[in-house]
$ cat upload.pdb   # PDB, C-alpha atoms, pLDDT in the B column
ATOM      1  CA  MET A 819     -44.145  38.057  21.128  1.00 42.00           C
ATOM      2  CA  GLU A 820     -46.500  39.826  18.712  1.00 41.00           C
ATOM      3  CA  SER A 821     -45.943  43.168  20.423  1.00 46.00           C
ATOM      4  CA  GLN A 822     -42.157  42.622  20.294  1.00 44.00           C
ATOM      5  CA  ASN A 823     -42.340  41.864  16.561  1.00 41.00           C
ATOM      6  CA  LEU A 824     -44.438  44.989  15.995  1.00 38.00           C
ATOM      7  CA  LYS A 825     -41.919  47.086  17.918  1.00 43.00           C
ATOM      8  CA  SER A 826     -39.050  45.614  15.871  1.00 39.00           C
ATOM      9  CA  HIS A 827     -40.846  46.417  12.620  1.00 37.00           C
ATOM     10  CA  GLN A 828     -41.543  49.963  13.784  1.00 44.00           C
ATOM     11  CA  GLU A 829     -37.884  50.461  14.742  1.00 46.00           C
ATOM     12  CA  LEU A 830     -36.804  49.130  11.349  1.00 40.00           C
ATOM     13  CA  ASP A 831     -39.252  51.459   9.576  1.00 41.00           C
ATOM     14  CA  THR A 832     -37.778  54.379  11.515  1.00 46.00           C
ATOM     15  CA  VAL A 833     -34.282  53.626  10.223  1.00 43.00           C
ATOM     16  CA  MET A 834     -35.100  52.437   6.705  1.00 44.00           C
ATOM     17  CA  GLY A 835     -38.033  54.726   6.031  1.00 45.00           C
ATOM     18  CA  THR A 836     -41.276  54.036   4.188  1.00 50.00           C
ATOM     19  CA  THR A 837     -43.282  55.891   1.561  1.00 55.00           C
ATOM     20  CA  THR A 838     -44.773  57.960   4.384  1.00 66.00           C
ATOM     21  CA  ARG A 839     -41.898  58.007   6.880  1.00 80.00           C
ATOM     22  CA  ILE A 840     -38.525  59.615   6.226  1.00 88.00           C
ATOM     23  CA  PRO A 841     -35.363  57.496   6.844  1.00 90.00           C
ATOM     24  CA  ARG A 842     -33.423  58.384  10.003  1.00 91.00           C
ATOM     25  CA  LEU A 843     -29.651  58.575  10.396  1.00 92.00           C
ATOM     26  CA  LEU A 844     -28.917  57.111  13.830  1.00 91.00           C
ATOM     27  CA  SER A 845     -25.243  56.103  13.546  1.00 87.00           C
ATOM     28  CA  ALA A 846     -22.147  56.416  11.394  1.00 84.00           C
ATOM     29  CA  GLU A 847     -22.392  52.726  10.468  1.00 80.00           C
ATOM     30  CA  GLY A 848     -25.798  53.296   8.923  1.00 84.00           C
ATOM     31  CA  PHE A 849     -24.738  56.234   6.750  1.00 87.00           C
ATOM     32  CA  PRO A 850     -24.256  54.458   3.371  1.00 82.00           C
ATOM     33  CA  GLU A 851     -27.720  52.894   3.462  1.00 84.00           C
ATOM     34  CA  TRP A 852     -29.289  56.109   4.821  1.00 90.00           C
ATOM     35  CA  LYS A 853     -27.689  58.179   2.054  1.00 90.00           C
ATOM     36  CA  TYR A 854     -29.032  55.845  -0.615  1.00 87.00           C
ATOM     37  CA  ARG A 855     -32.544  55.727   0.842  1.00 89.00           C
ATOM     38  CA  MET A 856     -32.631  59.429   1.655  1.00 92.00           C
ATOM     39  CA  GLU A 857     -31.884  60.390  -1.949  1.00 91.00           C
ATOM     40  CA  LYS A 858     -34.666  58.114  -3.204  1.00 91.00           C
ATOM     41  CA  TYR A 859     -37.114  59.388  -0.568  1.00 91.00           C
ATOM     42  CA  ILE A 860     -36.440  63.069  -1.356  1.00 92.00           C
ATOM     43  CA  LYS A 861     -36.819  62.562  -5.094  1.00 92.00           C
ATOM     44  CA  MET A 862     -40.098  60.749  -4.523  1.00 91.00           C
ATOM     45  CA  LYS A 863     -41.537  63.278  -2.063  1.00 87.00           C
ATOM     46  CA  ASP A 864     -40.385  66.609  -3.470  1.00 88.00           C
ATOM     47  CA  PHE A 865     -37.776  66.911  -6.215  1.00 90.00           C
ATOM     48  CA  LYS A 866     -37.358  70.605  -5.379  1.00 88.00           C
ATOM     49  CA  ILE A 867     -35.532  69.548  -2.211  1.00 90.00           C
ATOM     50  CA  TRP A 868     -33.081  67.465  -4.239  1.00 92.00           C
ATOM     51  CA  ARG A 869     -32.621  70.411  -6.603  1.00 90.00           C
ATOM     52  CA  ASN A 870     -31.645  72.567  -3.628  1.00 90.00           C
ATOM     53  CA  ILE A 871     -29.122  69.936  -2.513  1.00 92.00           C
ATOM     54  CA  LEU A 872     -27.540  69.962  -5.969  1.00 91.00           C
ATOM     55  CA  LYS A 873     -27.617  73.700  -6.668  1.00 88.00           C
ATOM     56  CA  GLY A 874     -27.391  75.281  -3.251  1.00 83.00           C
ATOM     57  CA  PRO A 875     -29.206  78.374  -1.975  1.00 79.00           C
ATOM     58  CA  ILE A 876     -30.508  80.950  -4.436  1.00 76.00           C
ATOM     59  CA  ARG A 877     -29.477  84.508  -3.690  1.00 74.00           C
ATOM     60  CA  ILE A 878     -32.329  86.991  -3.503  1.00 70.00           C
ATOM     61  CA  THR A 879     -30.831  90.050  -5.192  1.00 61.00           C
ATOM     62  CA  THR A 880     -31.739  93.312  -6.847  1.00 66.00           C
ATOM     63  CA  THR A 881     -29.853  95.595  -9.229  1.00 63.00           C
ATOM     64  CA  LEU A 882     -29.136  99.156  -8.156  1.00 64.00           C
ATOM     65  CA  ALA A 883     -29.238 102.162 -10.474  1.00 62.00           C
ATOM     66  CA  ASN A 884     -25.434 101.984 -10.871  1.00 70.00           C
ATOM     67  CA  GLY A 885     -25.666  98.366 -12.009  1.00 66.00           C
ATOM     68  CA  ALA A 886     -24.402  96.839  -8.768  1.00 65.00           C
ATOM     69  CA  LEU A 887     -26.012  93.563  -7.643  1.00 63.00           C
ATOM     70  CA  VAL A 888     -26.916  93.518  -3.956  1.00 63.00           C
ATOM     71  CA  GLU A 889     -28.852  91.281  -1.563  1.00 74.00           C
ATOM     72  CA  LYS A 890     -32.480  92.284  -1.144  1.00 66.00           C
ATOM     73  CA  GLY A 891     -33.672  93.257   2.268  1.00 70.00           C
ATOM     74  CA  VAL A 892     -36.531  91.157   3.615  1.00 72.00           C
ATOM     75  CA  GLU A 893     -38.796  94.204   3.460  1.00 74.00           C
ATOM     76  CA  ASP A 894     -38.286  94.291  -0.323  1.00 72.00           C
ATOM     77  CA  HIS A 895     -39.028  90.613  -0.949  1.00 72.00           C
ATOM     78  CA  THR A 896     -41.787  89.838  -3.413  1.00 81.00           C
ATOM     79  CA  ASP A 897     -44.111  86.863  -3.037  1.00 81.00           C
ATOM     80  CA  GLU A 898     -41.887  85.016  -5.524  1.00 83.00           C
ATOM     81  CA  ASP A 899     -38.824  85.795  -3.401  1.00 75.00           C
ATOM     82  CA  PHE A 900     -40.528  84.480  -0.276  1.00 79.00           C
ATOM     83  CA  ASN A 901     -41.496  81.297  -2.137  1.00 81.00           C
ATOM     84  CA  LYS A 902     -37.828  80.726  -2.989  1.00 81.00           C
ATOM     85  CA  VAL A 903     -36.781  81.294   0.622  1.00 80.00           C
ATOM     86  CA  GLU A 904     -39.538  78.991   1.863  1.00 86.00           C
ATOM     87  CA  GLU A 905     -38.425  76.270  -0.554  1.00 88.00           C
ATOM     88  CA  GLN A 906     -34.841  76.466   0.693  1.00 90.00           C
ATOM     89  CA  GLU A 907     -35.820  76.491   4.360  1.00 91.00           C
ATOM     90  CA  LYS A 908     -38.135  73.519   3.806  1.00 91.00           C
ATOM     91  CA  ALA A 909     -35.270  71.595   2.182  1.00 92.00           C
ATOM     92  CA  LEU A 910     -32.914  72.333   5.088  1.00 94.00           C
ATOM     93  CA  ALA A 911     -35.569  71.423   7.672  1.00 94.00           C
ATOM     94  CA  THR A 912     -36.349  68.153   5.903  1.00 93.00           C
ATOM     95  CA  LEU A 913     -32.726  67.024   5.911  1.00 94.00           C
ATOM     96  CA  THR A 914     -32.138  68.212   9.483  1.00 94.00           C
ATOM     97  CA  MET A 915     -35.146  66.293  10.801  1.00 93.00           C
ATOM     98  CA  THR A 916     -33.709  63.010   9.488  1.00 93.00           C
ATOM     99  CA  LEU A 917     -30.742  63.269  11.859  1.00 94.00           C
ATOM    100  CA  SER A 918     -30.807  61.863  15.360  1.00 93.00           C
ATOM    101  CA  PRO A 919     -30.339  64.522  18.073  1.00 93.00           C
ATOM    102  CA  ASP A 920     -26.770  63.358  18.768  1.00 92.00           C
ATOM    103  CA  ILE A 921     -25.789  63.665  15.111  1.00 94.00           C
ATOM    104  CA  ALA A 922     -27.703  66.896  14.464  1.00 93.00           C
ATOM    105  CA  GLN A 923     -25.853  68.553  17.361  1.00 92.00           C
ATOM    106  CA  GLY A 924     -22.604  68.480  15.385  1.00 92.00           C
ATOM    107  CA  PHE A 925     -24.042  70.028  12.214  1.00 94.00           C
ATOM    108  CA  ARG A 926     -25.993  73.041  13.440  1.00 93.00           C
ATOM    109  CA  GLU A 927     -23.584  75.519  11.862  1.00 94.00           C
ATOM    110  CA  TYR A 928     -24.759  74.640   8.340  1.00 94.00           C
ATOM    111  CA  THR A 929     -27.417  76.997   7.051  1.00 91.00           C
ATOM    112  CA  SER A 930     -28.192  75.512   3.641  1.00 92.00           C
ATOM    113  CA  VAL A 931     -29.296  72.026   2.673  1.00 93.00           C
ATOM    114  CA  LYS A 932     -26.430  71.739   0.166  1.00 94.00           C
ATOM    115  CA  SER A 933     -23.745  72.574   2.729  1.00 94.00           C
ATOM    116  CA  LEU A 934     -25.318  70.213   5.290  1.00 95.00           C
ATOM    117  CA  TRP A 935     -25.531  67.326   2.792  1.00 95.00           C
ATOM    118  CA  GLU A 936     -21.911  67.827   1.723  1.00 93.00           C
ATOM    119  CA  ALA A 937     -20.744  68.044   5.352  1.00 94.00           C
ATOM    120  CA  LEU A 938     -22.487  64.766   6.219  1.00 94.00           C
ATOM    121  CA  ILE A 939     -20.808  63.051   3.269  1.00 90.00           C
ATOM    122  CA  GLU A 940     -17.397  64.467   4.211  1.00 89.00           C
ATOM    123  CA  VAL A 941     -17.701  63.357   7.827  1.00 90.00           C
ATOM    124  CA  TYR A 942     -19.203  59.906   7.315  1.00 87.00           C
ATOM    125  CA  GLU A 943     -17.655  58.857   4.014  1.00 83.00           C
ATOM    126  CA  GLY A 944     -14.297  60.421   4.785  1.00 77.00           C
ATOM    127  CA  ASN A 945     -11.380  61.135   2.489  1.00 76.00           C
ATOM    128  CA  GLU A 946     -10.136  58.892  -0.302  1.00 80.00           C
ATOM    129  CA  ASP A 947      -7.895  56.864   2.030  1.00 82.00           C
ATOM    130  CA  MET A 948     -10.822  56.154   4.353  1.00 80.00           C
ATOM    131  CA  LYS A 949     -13.055  55.208   1.421  1.00 82.00           C
ATOM    132  CA  GLN A 950     -10.382  52.863   0.098  1.00 86.00           C
ATOM    133  CA  GLY A 951      -9.975  51.256   3.523  1.00 87.00           C
ATOM    134  CA  HIS A 952     -13.727  50.694   3.758  1.00 84.00           C
ATOM    135  CA  GLN A 953     -13.822  49.198   0.276  1.00 90.00           C
ATOM    136  CA  ASP A 954     -10.914  46.877   1.106  1.00 93.00           C
ATOM    137  CA  MET A 955     -12.722  45.695   4.230  1.00 92.00           C
ATOM    138  CA  LEU A 956     -15.891  44.946   2.275  1.00 93.00           C
ATOM    139  CA  ARG A 957     -13.976  43.080  -0.436  1.00 96.00           C
ATOM    140  CA  GLN A 958     -12.360  40.950   2.254  1.00 97.00           C
ATOM    141  CA  LYS A 959     -15.770  40.194   3.783  1.00 96.00           C
ATOM    142  CA  PHE A 960     -17.030  39.218   0.337  1.00 97.00           C
ATOM    143  CA  ASN A 961     -14.065  36.938  -0.343  1.00 97.00           C
ATOM    144  CA  MET A 962     -14.457  35.258   3.058  1.00 97.00           C
ATOM    145  CA  PHE A 963     -18.243  34.970   2.906  1.00 97.00           C
ATOM    146  CA  ASN A 964     -19.357  31.436   3.685  1.00 96.00           C
ATOM    147  CA  HIS A 965     -22.057  29.396   5.348  1.00 95.00           C
ATOM    148  CA  VAL A 966     -22.080  29.542   9.143  1.00 94.00           C
ATOM    149  CA  LEU A 967     -22.679  26.259  10.915  1.00 92.00           C
ATOM    150  CA  GLY A 968     -26.290  26.049  12.082  1.00 92.00           C
ATOM    151  CA  GLU A 969     -27.379  29.021   9.984  1.00 93.00           C
ATOM    152  CA  THR A 970     -30.626  28.755   8.043  1.00 94.00           C
ATOM    153  CA  LEU A 971     -30.652  29.254   4.297  1.00 94.00           C
ATOM    154  CA  GLU A 972     -32.864  32.330   4.745  1.00 94.00           C
ATOM    155  CA  ALA A 973     -30.381  33.891   7.171  1.00 94.00           C
ATOM    156  CA  GLN A 974     -27.445  33.218   4.874  1.00 96.00           C
ATOM    157  CA  LEU A 975     -29.191  34.745   1.877  1.00 95.00           C
ATOM    158  CA  GLN A 976     -30.116  37.819   3.924  1.00 94.00           C
ATOM    159  CA  ARG A 977     -26.489  38.214   5.059  1.00 94.00           C
ATOM    160  CA  PHE A 978     -25.394  38.067   1.442  1.00 95.00           C
ATOM    161  CA  ILE A 979     -27.958  40.672   0.357  1.00 94.00           C
ATOM    162  CA  THR A 980     -26.801  42.975   3.152  1.00 89.00           C
ATOM    163  CA  LEU A 981     -23.153  42.589   2.150  1.00 92.00           C
ATOM    164  CA  THR A 982     -23.703  43.168  -1.567  1.00 93.00           C
ATOM    165  CA  THR A 983     -25.875  46.194  -0.785  1.00 87.00           C
ATOM    166  CA  GLU A 984     -23.082  47.646   1.368  1.00 86.00           C
ATOM    167  CA  MET A 985     -20.615  47.028  -1.444  1.00 90.00           C
ATOM    168  CA  SER A 986     -22.831  48.797  -3.962  1.00 88.00           C
ATOM    169  CA  SER A 987     -23.214  51.759  -1.573  1.00 80.00           C
ATOM    170  CA  ALA A 988     -19.404  51.857  -1.282  1.00 82.00           C
ATOM    171  CA  GLU A 989     -19.136  51.949  -5.092  1.00 85.00           C
ATOM    172  CA  ILE A 990     -17.770  48.417  -5.426  1.00 92.00           C
ATOM    173  CA  TYR A 991     -19.218  46.922  -8.557  1.00 92.00           C
ATOM    174  CA  LEU A 992     -18.886  43.236  -9.407  1.00 95.00           C
ATOM    175  CA  SER A 993     -20.150  41.293 -12.392  1.00 96.00           C
ATOM    176  CA  ARG A 994     -23.285  39.177 -12.068  1.00 96.00           C
ATOM    177  CA  SER A 995     -21.156  36.094 -12.609  1.00 96.00           C
ATOM    178  CA  GLU A 996     -18.817  36.968  -9.698  1.00 97.00           C
ATOM    179  CA  ILE A 997     -21.715  37.599  -7.329  1.00 97.00           C
ATOM    180  CA  ASN A 998     -23.692  34.507  -8.345  1.00 97.00           C
ATOM    181  CA  LYS A 999     -20.688  32.172  -8.178  1.00 97.00           C
ATOM    182  CA  LYS A1000     -19.690  33.497  -4.763  1.00 97.00           C
ATOM    183  CA  LEU A1001     -23.173  32.870  -3.372  1.00 97.00           C
ATOM    184  CA  LEU A1002     -23.425  29.389  -4.853  1.00 97.00           C
ATOM    185  CA  ASN A1003     -19.950  28.410  -3.680  1.00 97.00           C
ATOM    186  CA  SER A1004     -20.764  29.585  -0.145  1.00 97.00           C
ATOM    187  CA  LEU A1005     -23.728  27.243   0.286  1.00 96.00           C
ATOM    188  CA  PRO A1006     -23.368  24.244   2.637  1.00 94.00           C
ATOM    189  CA  LYS A1007     -21.673  21.084   1.321  1.00 94.00           C
ATOM    190  CA  SER A1008     -25.078  19.361   1.230  1.00 93.00           C
ATOM    191  CA  TRP A1009     -25.881  21.713  -1.646  1.00 95.00           C
ATOM    192  CA  ASP A1010     -23.030  20.510  -3.876  1.00 95.00           C
ATOM    193  CA  MET A1011     -25.311  18.580  -6.231  1.00 95.00           C
ATOM    194  CA  ASN A1012     -27.808  21.439  -6.584  1.00 95.00           C
ATOM    195  CA  VAL A1013     -24.995  23.933  -7.115  1.00 96.00           C
ATOM    196  CA  ALA A1014     -23.479  21.794  -9.868  1.00 96.00           C
ATOM    197  CA  VAL A1015     -26.846  21.567 -11.642  1.00 95.00           C
ATOM    198  CA  ILE A1016     -27.460  25.323 -11.377  1.00 96.00           C
ATOM    199  CA  LYS A1017     -24.013  26.135 -12.758  1.00 96.00           C
ATOM    200  CA  LYS A1018     -24.518  23.687 -15.640  1.00 95.00           C
ATOM    201  CA  THR A1019     -28.045  24.748 -16.616  1.00 95.00           C
ATOM    202  CA  LYS A1020     -28.106  28.497 -15.875  1.00 96.00           C
ATOM    203  CA  ASP A1021     -26.198  31.414 -17.386  1.00 96.00           C
ATOM    204  CA  LEU A1022     -24.673  33.069 -14.339  1.00 96.00           C
ATOM    205  CA  ASN A1023     -23.553  36.024 -16.446  1.00 95.00           C
ATOM    206  CA  ARG A1024     -27.175  36.971 -17.117  1.00 95.00           C
ATOM    207  CA  LEU A1025     -28.958  36.047 -13.894  1.00 95.00           C
ATOM    208  CA  SER A1026     -29.584  38.830 -11.395  1.00 95.00           C
ATOM    209  CA  LEU A1027     -28.896  38.097  -7.729  1.00 95.00           C
ATOM    210  CA  ALA A1028     -32.655  38.049  -7.094  1.00 94.00           C
ATOM    211  CA  GLU A1029     -33.149  35.444  -9.834  1.00 95.00           C
ATOM    212  CA  THR A1030     -30.338  33.280  -8.476  1.00 96.00           C
ATOM    213  CA  MET A1031     -31.803  33.437  -4.997  1.00 95.00           C
ATOM    214  CA  ALA A1032     -35.213  32.461  -6.356  1.00 95.00           C
ATOM    215  CA  ILE A1033     -33.650  29.394  -7.978  1.00 96.00           C
ATOM    216  CA  ILE A1034     -31.906  28.484  -4.708  1.00 96.00           C
ATOM    217  CA  GLU A1035     -35.136  28.860  -2.733  1.00 94.00           C
ATOM    218  CA  ALA A1036     -37.013  26.725  -5.271  1.00 93.00           C
ATOM    219  CA  CYS A1037     -34.396  23.981  -4.921  1.00 92.00           C
ATOM    220  CA  ASP A1038     -34.734  24.218  -1.150  1.00 87.00           C
ATOM    221  CA  LEU A1039     -38.500  23.710  -1.365  1.00 84.00           C
ATOM    222  CA  ASN A1040     -38.112  20.739  -3.707  1.00 79.00           C
ATOM    223  CA  ASP A1041     -35.632  19.082  -1.345  1.00 73.00           C
ATOM    224  CA  LYS A1042     -38.004  19.299   1.620  1.00 65.00           C
TER     225      LYS A1042
END

$ encode --input "upload.pdb" --output "structure tokens"
Amino acid sequence: MESQNLKSHQELDTVMGTTTRIPRLLSAEGFPEWKYRMEKYIKMKDFKIWRNILKGPIRITTTLANGALVEKGVEDHTDEDFNKVEEQEKALATLTMTLSPDIAQGFREYTSVKSLWEALIEVYEGNEDMKQGHQDMLRQKFNMFNHVLGETLEAQLQRFITLTTEMSSAEIYLSRSEINKKLLNSLPKSWDMNVAVIKKTKDLNRLSLAETMAIIEACDLNDK
């Protein structure tokens, strides 16, 4: 059992990433979370990579006697030029290495980190109609969110965190009050008294989701 748990944690670390391990994109379904975590990871590790994603490749040029601007040949590169090239190649390699082999296969034509990043977003986030459809699906899941018979409180709270995180990644923004009320109203009927007390004594417009969950967990401990 211990070895299975260790393997599960290692697999999760591979997907989600850690401070020392880059997040991996393994499937289309995981793209929103990967995109969010990848941006944070890059900015933490080397902001120059993120700068290359935003600005694109820098042309290594020289000015001829007639004033024309032309690409420099590699034989004419200075140490500074090579540093710029190295920075861009490092950025592209970093992003490429986060992709599973199956996904990377379809994006080998892209030769700059900016073009690769934009292609991934275009493919996995889709056009405006696809984005809207995804948002509608998430809103429906939110509206229908409820306790599942036999589900533990911990499992329900984790499901809710996952859903609200997906909604945030899909650029669906709700007020604290909407989120808190939805979670409280989804708790089992045995929680009716606790829910009524929380709503009466707490300002749901100010509480973060984490604070609301902490209150719920404290009530759960007191009831045991």

$ atom_distance --input "upload.pdb" --atom1 "atom CA of Leu934 of chain A" --atom2 "atom CA of Ala988 of chain A"
20.4 Å

$ resolve_selection --input "upload.pdb" --expression "the PyMOL selection byres ((chain A and resi 971) around 12)" --output "PyMOL selection string"
chain A and resi 964-970+972-978+1001-1002+1004-1006+1008-1009+1031+1034-1039

$ closest_residue --input "upload.pdb" --among "A:Ala1014, A:Ala937, A:Leu1027, A:Ile979" --to "Glu996 of chain A" --atoms "all atoms listed in the file"
A:Leu1027

$ residues_around --input "upload.pdb" --residues "segment 911-927 of chain A" --least-positions-apart "2" --cutoff "12 Å" --atoms "only C-alpha atoms" --output "MDAnalysis selection string"
chainID A and resid 832:835 839:846 848:849 852:853 855:857 859:860 863:864 866:868 870:871 904:909 929:942

$ atom_distance --input "upload.pdb" --atom1 "atom CA of Lys999 of chain A" --atom2 "atom CA of Met962 of chain A"
13.2 Å

$ atom_distance --input "upload.pdb" --atom1 "atom CA of Asn1003 of chain A" --atom2 "atom CA of Thr983 of chain A"
19.0 Å

$ resolve_selection --input "upload.pdb" --expression "the PyMOL selection byres ((chain A and resi 949) around 12)" --output "PyMOL selection string"
chain A and resi 850+939-948+950-956+985+987-990

$ closest_residue --input "upload.pdb" --among "A:Ile1033, A:Leu1022, A:Val892, A:Ile1016" --to "Asn998 of chain A" --atoms "all atoms listed in the file"
A:Leu1022

$ closest_residue --input "upload.pdb" --among "A:Leu910, A:Val903, A:Met862, A:Met1011" --to "Arg877 of chain A" --atoms "all atoms listed in the file"
A:Val903

$ axis_aligned_box --input "upload.pdb" --around "segment 982-1001 of chain A" --padding-each-side "8 Å" --output "JSON"
{"center_x": -21.8, "center_y": 42.1, "center_z": -5.6, "size_x": 24.1, "size_y": 35.8, "size_z": 30.0}

$ decode --input "upload.pdb" --residues "segment 988-1030 of chain A" --atoms "C-alpha atoms" --output "compact mmCIF listing (two decimals), in the first residue's frame"
# COMPACT_ATOMS: atom_id res chain seq x y z
CA ALA A 988 -11.62 29.06 -18.03
CA GLU A 989 -11.96 32.74 -17.06
CA ILE A 990 -15.25 32.31 -15.21
CA TYR A 991 -15.23 34.63 -12.26
CA LEU A 992 -17.84 34.47 -9.51
CA SER A 993 -18.23 36.56 -6.38
CA ARG A 994 -17.11 35.16 -3.04
CA SER A 995 -20.73 35.17 -1.92
CA GLU A 996 -21.85 33.04 -4.90
CA ILE A 997 -19.09 30.49 -4.34
CA ASN A 998 -19.55 30.28 -0.57
CA LYS A 999 -23.34 29.97 -0.75
CA LYS A 1000 -23.12 27.26 -3.40
CA LEU A 1001 -20.74 25.21 -1.27
CA LEU A 1002 -22.81 25.61 1.89
CA ASN A 1003 -26.06 24.79 0.11
CA SER A 1004 -24.51 21.64 -1.37
CA LEU A 1005 -23.67 20.10 2.01
CA PRO A 1006 -25.72 17.11 3.23
CA LYS A 1007 -29.08 17.76 4.91
CA SER A 1008 -27.53 16.82 8.26
CA TRP A 1009 -25.57 20.06 7.95
CA ASP A 1010 -28.65 22.30 7.79
CA MET A 1011 -28.21 23.63 11.33
CA ASN A 1012 -24.49 24.35 10.89
CA VAL A 1013 -25.13 25.99 7.53
CA ALA A 1014 -27.79 28.26 9.03
CA VAL A 1015 -25.40 29.33 11.81
CA ILE A 1016 -22.55 30.01 9.36
CA LYS A 1017 -24.78 32.11 7.11
CA LYS A 1018 -26.07 34.08 10.11
CA THR A 1019 -22.72 34.72 11.79
CA LYS A 1020 -20.28 35.04 8.87
CA ASP A 1021 -20.00 37.59 6.07
CA LEU A 1022 -19.99 35.41 2.97
CA ASN A 1023 -19.10 38.40 0.80
CA ARG A 1024 -15.73 38.70 2.53
CA LEU A 1025 -14.77 35.10 3.27
CA SER A 1026 -12.41 33.40 0.84
CA LEU A 1027 -13.23 29.84 -0.20
CA ALA A 1028 -10.31 28.61 1.92
CA GLU A 1029 -11.70 30.41 4.98
CA THR A 1030 -15.17 28.99 4.42
